[in-house]
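K.L.:
Okay, handing you the structure first.
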2 protein chains.
Amino acid sequence: MTEPTPIDPTPINAVTTPAGFRAGGIACGIKASGQPDLALLISDRPAAAAAVFTRSQSKAEPLLVDQGQMRDPHIQTVIVNSGNANCATGEQGLADARTMLGLAAARADCDINLAFVSSTGIIGHFLPMDRIVAGARDVETSDDGGSSFARAIMTTDGFMKEAVTTFQAGGVTCTLGGCAKGAGMIHPNMGGPSNHATMLAYLTTDADIEPALLQDRLQYAVDRSFNMISVDGDTSTSDTVLVLANGAAGGALVTADDPAGIAALDAALLDVCIHLAKAIARGGEGATKLLEITVQHAIDRNAAVAVARTVSSSVLLKAALSKGDPNWGRVVMAAGNAGVPFARGDLRVWLGDRLLYEAGSTTGIPAATAADAVAEDLVRIRIDLGQGDAEATAWGCDLTEEYVRFNADYVT
Amino acid sequence: MTEPTPIDPTPINAVTTPAGFRAGGIACGIKASGQPDLALLISDRPAAAAAVFTRSQSKAEPLLVDQGQMRDPHIQTVIVNSGNANCATGEQGLADARTMLGLAAARADCDINLAFVSSTGIIGHFLPMDRIVAGARDVETSDDGGSSFARAIMTTDGFMKEAVTTFQAGGVTCTLGGCAKGAGMIHPNMGGPSNHATMLAYLTTDADIEPALLQDRLQYAVDRSFNMISVDGDTSTSDTVLVLANGAAGGALVTADDPAGIAALDAALLDVCIHLAKAIARGGEGATKLLEITVQHAIDRNAAVAVARTVSSSVLLKAALSKGDPNWGRVVMAAGNAGVPFARGDLRVWLGDRLLYEAGSTTGIPAATAADAVAEDLVRIRIDLGQGDAEATAWGCDLTEEYVRFNADYVT
């Protein structure tokens, strides 16, 4: 279980911290609010790339285009617009996504096959391509533009999500930076590269990494971070995580034959991905608390994941926690619905450090006493299935009236 | 697709309409509000019985006891308390449930093996057995007491749910009556007889039906009614549907060799169960609209069920509908997350009679035009997968700020 990392609201230009990357963002007029809505990232050379996309059957048009782009797993430039998801837009949407690839490639002065495109926002509306064309021409990129990029990909986010770390690989010190957006329609289920979230995350590193290895390690990290968060249980049509490794740090290539390099890469990916994933959960629409649900002693990881995700998605539990009610009964209820067999008598449930359920029964701790365990803005729930050695941690947030108000008023 | 049936708020004594049943309810002091909280149903003879229970791994103690009672599928008396679920109460809870069996059997003057017990309400508290003992002694039963029974099983329900119908079986006209409760923690997944919701439904008929056949036809009807409703996606620890067939109409035994009798029984069970299930969905906590989601042309019924239930459970869609936003994009989103493969281009989505999505794209109908399709208190959503011949219908309700407020304040 990772301790919660404080969210740093200070711009840290994460995706442009590794060597060889420049980025920026601009307000091109997609959002009526006039907030930034177009972002561009450019590597100074083609980068090994790996991506995971939402497993939804209703993939947005940009993801369909990106799946084709990833057949050769090298990317040099990424263009992202917010305010409009270019989803359920059919042939026109596919054509618009391809046009965006061309705009990015022109700015990066690279082959169009090296471009990647994302769109996030409302579903079912065609992109205002005239504004995007002008924005793609005018957006400025720089090696301290990472936070400008991170700002421009936001939709309903209350704050920017950025993280950066370093690791040793290929004989040199490498840097891994990342940014993410997402606050609603958050229950990612991403796999790839043949699948397609509206959470978006972009990771950059100046390490040199063999593409198939990068894909494999990205999936591993995503399965333990973004794929373990839930705001509302709704998996988006546009969820995407992309990582670019451009080798600009000058180290040797990290391959499957380099266990030390892989271990360092894994640690860095997990660090950045978990930080960003938790920031998304904590920043969920209307949320006031971050929930961290750890399931221990499951028969295997799939079982632990299923229980943790089911509990993190319980509308009833999330509503109770919004008012500080230590409703462990709703944890027992939700744990029972994951499709994972367990013996009632073996189940144990803690809120914070307080054991509230064991041997099939309440431990008798009064609600008033247990309430301190859920009073803070981080609520830790621990569930022990008493079966095996597998463990998983999921993150979520409380459900407030503000969430409903927001999403009822966020009109198409 | 069944047309919505208006909910009749008039007491109709449904469970005591068939011959040979008497029932009643009383306020025995479990609920602080002083509302009725103990209900008793008695057949004048042992009745063939069938039951389905929630498939949750966290079954409440009364369900564990009832599973034992159903080994001999005959029941003569049912005792139900509301206000306390007797769940997560361990050995004490099991003993209390058995005590309730004895109280019911004493009132029915029958063997304790012919008794059935249910409890619904908060989780994790021991029953006030002194009040239940006094209540079980004092509750009056009569052959027009069905609505009194239906009233006493309610928890957060805004209105009583009752239904009654007649059918021809065994050469005579038989009557089937039923009542149900439930407004939150509603996403039933019941199977049986070896499994265990907090929705409760009790059906009575004066037909004479072979017990194994009754179990089989109950599961069929529940799979097309109660198991297709969702208020909040949370499956309860106590969901139970029980049907008693006492043969008091004097007809011949309905067996597996009587297709006409089975068809008539099926029609009656579906009629009553769908009526009650829709009443639960329409009466969901905070709900202002009943949603009816029909999935057509699926490859098989399981696929149709999965898509219909996933759409009916989408928090984002339910929030949009609460304010009358015709957010078909959220239908497309949710349909994509059911784990059911389909071709994007084959998917079609209607709100009411308006086709809003086909061929992978919006049909261009403006939101202002589509809004009338979701303005009324019944919202019909139709999804065509374009694959096979299977169909399923699910029911749900909108998600309002009132739901969150209610469940945040419904403190343990």
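In the structure tokens, chains take the letters A, B, ... in the order shown, each chain's residues start at 1, and ligands count up from 1 in the order shown.
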Could you go through range 178-259 of chain B and tell me which residues DSSP, when run on the backbone, assigns to helix (DSSP H, G or I), listing them as number ranges by chain?
P.N.:
B: 211-223, 226-228, 259
K.L.:
Could you list, with a cut-off of 7 Å and counting only C-alpha atoms, the residues of chain B near chain A, each shown with its nearest atom pair and the distance in Å rounded to one decimal, rows sorted by chain and ascending number, as CSV?
P.N.:
residue,atom,partner,partner_atom,distance
B:Ser56,CA,A:Gly336,CA,4.7
B:Gln57,CA,A:Gly336,CA,4.2
B:Ser58,CA,A:Gly336,CA,4.6
B:Ala88,CA,A:Ser361,CA,4.4
B:Thr89,CA,A:Ser361,CA,4.4
B:Gly90,CA,A:Ser361,CA,4.4
B:Ile123,CA,A:Gly329,CA,5.4
B:Gly124,CA,A:Thr362,CA,5.7
B:Asp232,CA,A:Val315,CA,6.3
B:Asp234,CA,A:Ser314,CA,6.2
B:Thr235,CA,A:Asn337,CA,6.5
B:Ser236,CA,A:Met333,CA,6.3
B:Thr237,CA,A:Met333,CA,5.8
B:Ser314,CA,A:Asp234,CA,6.3
B:Val315,CA,A:Asp232,CA,6.3
B:Leu316,CA,A:Asn407,CA,6.6
B:Ala319,CA,A:Ala408,CA,4.9
B:Ala320,CA,A:Ala408,CA,4.3
B:Ser322,CA,A:Ala408,CA,6.4
B:Lys323,CA,A:Ala408,CA,5.6
B:Asp325,CA,A:Val411,CA,6.2
B:Asn327,CA,A:Thr412,CA,6.1
B:Gly329,CA,A:Ile123,CA,5.4
B:Val332,CA,A:Ser58,CA,6.4
B:Met333,CA,A:Thr237,CA,5.8
B:Ala334,CA,A:Asp234,CA,6.9
B:Gly336,CA,A:Gln57,CA,4.2
B:Asn337,CA,A:Ser56,CA,5.1
B:Pro341,CA,A:Gln57,CA,6.3
B:Phe342,CA,A:Gln57,CA,6.6
B:Arg344,CA,A:Ser58,CA,6.2
B:Gly360,CA,A:Gly90,CA,4.9
B:Ser361,CA,A:Ala88,CA,4.4
B:Thr362,CA,A:Gly124,CA,5.7
B:Thr400,CA,A:Val404,CA,6.2
B:Glu401,CA,A:Glu401,CA,4.7
B:Val404,CA,A:Glu401,CA,5.6
B:Arg405,CA,A:Glu401,CA,6.5
B:Asn407,CA,A:Ala319,CA,5.8
B:Ala408,CA,A:Ala320,CA,4.3
B:Val411,CA,A:Asp325,CA,6.2
B:Thr412,CA,A:Asn327,CA,6.1
K.L.:
Got a sec to tell me which of range 253-392 of chain B DSSP assigns to strand (DSSP E or B), as a ChimeraX atom specification?
P.N.:
/B:254,290-298,348-351,354-358,361-362,378-384,390-392
K.L.:
So that I can see what lies close to Gly352 in chain A, please list as a list in words the residues with an atom at most 8 Å from it, counting only C-alpha atoms and leaving out residues fewer than 2 positions away in the same chain.
P.N.:
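Counting only C-alpha atoms, the residues come to Trp350, Arg354, Ala373, Val374, Val379, Arg380, Ile381 and Arg382 of chain A.
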K.L.:
Quick one: write out the picked residues with C-alpha atoms as an mmCIF file, in the first residue's frame?
P.N.:
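Final output, out.cif:
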data_model
loop_
_atom_site.group_PDB
_atom_site.id
_atom_site.type_symbol
_atom_site.label_atom_id
_atom_site.label_comp_id
_atom_site.auth_asym_id
_atom_site.auth_seq_id
_atom_site.Cartn_x
_atom_site.Cartn_y
_atom_site.Cartn_z
ATOM 1 C CA TRP A 350 -11.192 -2.106 8.998
ATOM 2 C CA ARG A 354 -10.336 0.112 13.582
ATOM 3 C CA ALA A 373 -11.556 6.823 11.023
ATOM 4 C CA VAL A 374 -13.476 8.469 8.187
ATOM 5 C CA VAL A 379 -10.304 7.417 4.162
ATOM 6 C CA ARG A 380 -8.489 4.074 4.323
ATOM 7 C CA ILE A 381 -10.558 0.883 4.131
ATOM 8 C CA ARG A 382 -8.932 -2.501 4.596
#
K.L.:
Kindly indicate which residue among B:Ala277, B:Thr156, B:Ala115, B:Ala106 lies nearest to Asp72 in chain B, using only C-alpha atoms for the distances.
P.N.:
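Between B:Ala277, B:Thr156, B:Ala115, B:Ala106, the residue approaching Asp72 in chain B most closely is B:Ala115.
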K.L.:
Find the distance between CA of Gln76 in chain B and CA of Leu114 in chain B and write it in Å to one decimal.
P.N.:
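Spanning CA of Gln76 in chain B to CA of Leu114 in chain B is a straight-line distance of 5.2 Å.
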K.L.:
Please list as a PyMOL selection string every residue within 8 Å of range 96-99 of chain B, counting only C-alpha atoms and excluding residues in the same chain fewer than 2 positions away.
P.N.:
chain B and resi 61-62+65+86+92-94+101-103+117+127+129
K.L.:
May I have the selected residues written with N, CA and C atoms, as an mmCIF file, in the first residue's frame?
P.N.:
data_model
loop_
_atom_site.group_PDB
_atom_site.id
_atom_site.type_symbol
_atom_site.label_atom_id
_atom_site.label_comp_id
_atom_site.auth_asym_id
_atom_site.auth_seq_id
_atom_site.Cartn_x
_atom_site.Cartn_y
_atom_site.Cartn_z
ATOM 1 N N GLU B 61 -28.025 -12.887 8.126
ATOM 2 C CA GLU B 61 -28.294 -14.064 8.939
ATOM 3 C C GLU B 61 -29.646 -14.703 8.679
ATOM 4 N N PRO B 62 -30.756 -13.918 8.487
ATOM 5 C CA PRO B 62 -32.044 -14.585 8.231
ATOM 6 C C PRO B 62 -32.031 -15.430 6.958
ATOM 7 N N VAL B 65 -30.564 -18.828 7.613
ATOM 8 C CA VAL B 65 -31.564 -19.659 8.292
ATOM 9 C C VAL B 65 -32.624 -20.138 7.301
ATOM 10 N N ASN B 86 -30.812 -7.354 10.740
ATOM 11 C CA ASN B 86 -30.203 -8.518 11.401
ATOM 12 C C ASN B 86 -29.089 -9.080 10.531
ATOM 13 N N GLN B 92 -25.377 -14.527 17.318
ATOM 14 C CA GLN B 92 -26.549 -13.920 17.954
ATOM 15 C C GLN B 92 -27.653 -13.681 16.935
ATOM 16 N N GLY B 93 -27.242 -13.218 15.754
ATOM 17 C CA GLY B 93 -28.211 -12.949 14.690
ATOM 18 C C GLY B 93 -28.890 -14.212 14.208
ATOM 19 N N LEU B 94 -28.114 -15.285 14.088
ATOM 20 C CA LEU B 94 -28.696 -16.565 13.679
ATOM 21 C C LEU B 94 -29.704 -17.059 14.719
ATOM 22 N N LEU B 101 -38.572 -17.572 13.819
ATOM 23 C CA LEU B 101 -39.275 -18.713 13.228
ATOM 24 C C LEU B 101 -40.243 -19.323 14.237
ATOM 25 N N GLY B 102 -39.750 -19.472 15.439
ATOM 26 C CA GLY B 102 -40.577 -20.069 16.483
ATOM 27 C C GLY B 102 -41.791 -19.217 16.820
ATOM 28 N N LEU B 103 -41.607 -17.907 16.843
ATOM 29 C CA LEU B 103 -42.721 -17.001 17.131
ATOM 30 C C LEU B 103 -43.802 -17.115 16.055
ATOM 31 N N VAL B 117 -38.400 -16.429 7.649
ATOM 32 C CA VAL B 117 -38.152 -15.158 8.325
ATOM 33 C C VAL B 117 -37.359 -14.210 7.431
ATOM 34 N N LEU B 127 -31.079 -7.348 16.852
ATOM 35 C CA LEU B 127 -32.522 -7.094 16.917
ATOM 36 C C LEU B 127 -32.967 -6.864 18.365
ATOM 37 N N MET B 129 -35.104 -8.099 20.574
ATOM 38 C CA MET B 129 -35.957 -9.291 20.573
ATOM 39 C C MET B 129 -37.159 -9.171 21.507
#
K.L.:
Set the distance at 7 Å and use only C-alpha atoms: which residues neighbour Ala169 in chain A once local chain neighbours fewer than 4 positions away are removed? I'd like the list as a list in words.
P.N.:
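So, after excluding close chain neighbours, the residues are Thr173, Cys174, Ala207, Gly251, Val254, Gly261 and Ala264 of chain A.
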